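Worksheet: the structure to be examined is printed underneath.
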Amino acid sequence: MIKNLVEDHVTAAYATLRPHFPAFCGCDLCREDVLTFALNRVPPRYVSRREGSVVTEVNLEKEQSRAAIEVVVMEALRKISVAPRCGNRGGVMPR
């Protein structure tokens with residue numbers, strides 16, 4: 001099975017950072033937009049075996065890698081908050 005381990009780290013960063021952006025809608029569409037934005041800007045780390053997974057996970061857990069992912073996720077949260085495709089601005093649905 002081929003897996004991009006960065007997906008798990010981007011999803012975890014989203015879960016950690018989301019509460020710090022109260023104006024962010026957080027609906028499924030906005031969440032997916034943030035994850036897509038971030039994943040398109042962070043280099044993927046594909047693995048196909050457990051051995052490769054362990055080495056890659058160790059590298060992704062380094063503070064520099066985590067910080068880079070968190071910066072991209074924060075950028076995504078800001079951008080999607082300003083112009084959400086769902087139409088929800090500032091946590092209030094439009095009429």
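Chain labels A, B, ... are given in the sequence in which chains occur in the structure tokens; within each chain residues are numbered consecutively from 1, and ligands are likewise numbered from 1 in the order shown.
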Contact residues around Cys27 of chain A with only C-alpha atoms at 10 Å, ignoring same-chain residues under 3 positions, as an NGL selection string: :A and (24 or 30-33 or 84 or 86 or 88 or 91)
Could those residues be written to a file, using C-alpha atoms, as an mmCIF file, in the first residue's frame?
```
data_model
loop_
_atom_site.group_PDB
_atom_site.id
_atom_site.type_symbol
_atom_site.label_atom_id
_atom_site.label_comp_id
_atom_site.auth_asym_id
_atom_site.auth_seq_id
_atom_site.Cartn_x
_atom_site.Cartn_y
_atom_site.Cartn_z
ATOM 1 C CA PHE A 24 -12.574 30.062 10.333
ATOM 2 C CA CYS A 30 -13.514 24.637 4.275
ATOM 3 C CA ARG A 31 -11.614 21.902 6.114
ATOM 4 C CA GLU A 32 -10.956 20.076 2.844
ATOM 5 C CA ASP A 33 -9.876 23.344 1.210
ATOM 6 C CA PRO A 84 -14.490 30.547 2.059
ATOM 7 C CA CYS A 86 -19.044 27.783 1.374
ATOM 8 C CA ASN A 88 -19.739 31.416 5.517
ATOM 9 C CA GLY A 91 -18.693 31.919 11.485
#
```
Filtered DSSP result for segment 5-81 of chain A, state helix (DSSP H, G or I), as a PyMOL selection string: chain A and resi 6-20+28-39+50-61+63-81
Near-segment 35-37 of chain A list (9 Å; only C-alpha atoms; drop same-chain fewer than 5 positions) as a list in words: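 Close residues of segment 35-37 of chain A: Glu7, Val10, Thr11, Tyr14, Cys30, Val72, Val73, Glu75 and Ala76 of chain A.
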For the selection just defined, write its residues with N, CA and C atoms to a file, as a tab-separated table (two decimals), in the first residue's frame.
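Generated output (again_39.tsv):
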```tsv
chain	number	residue	atom	x	y	z
A	7	GLU	N	0.15	13.57	4.75
A	7	GLU	CA	-1.29	13.78	4.96
A	7	GLU	C	-1.64	13.71	6.44
A	10	VAL	N	-0.34	16.88	8.19
A	10	VAL	CA	-1.12	18.06	7.85
A	10	VAL	C	-2.47	18.02	8.58
A	11	THR	N	-3.08	16.86	8.63
A	11	THR	CA	-4.36	16.71	9.33
A	11	THR	C	-4.20	16.98	10.82
A	14	TYR	N	-3.74	20.69	11.36
A	14	TYR	CA	-5.04	21.35	11.22
A	14	TYR	C	-5.82	21.24	12.55
A	30	CYS	N	-14.63	23.78	3.88
A	30	CYS	CA	-13.51	24.64	4.27
A	30	CYS	C	-12.36	23.81	4.82
A	72	VAL	N	2.43	26.34	6.77
A	72	VAL	CA	1.59	26.21	5.57
A	72	VAL	C	0.12	26.05	5.97
A	73	VAL	N	-0.16	25.29	7.01
A	73	VAL	CA	-1.55	25.10	7.46
A	73	VAL	C	-2.11	26.43	7.99
A	75	GLU	N	-1.23	29.42	7.01
A	75	GLU	CA	-1.48	30.23	5.81
A	75	GLU	C	-2.80	29.81	5.16
A	76	ALA	N	-3.02	28.51	5.08
A	76	ALA	CA	-4.26	28.00	4.49
A	76	ALA	C	-5.47	28.44	5.31
```
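As for atom CA of Thr16 of chain A and atom CA of Met1 of chain A, they are spaced 27.5 Å apart.
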From A:Arg49, A:Pro19, A:Val34, A:Asn4, residue lying nearest Ser81 of chain A [only C-alpha atoms]: A:Val34
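For the choices A:Arg78, A:Gly87, A:Leu5, A:Ala67, the atom-to-atom distance to Leu39 of chain A is smallest for A:Leu5 when using only C-alpha atoms.
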Computed interatomic separation between atom CA of Asn40 of chain A and atom CA of Lys79 of chain A (Å):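 It comes out at 14.2 Å.
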Distance in Å - atom CA of Met74 of chain A versus atom CA of Ala15 of chain A: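 Atom CA of Met74 of chain A sits 11.2 Å away from atom CA of Ala15 of chain A.
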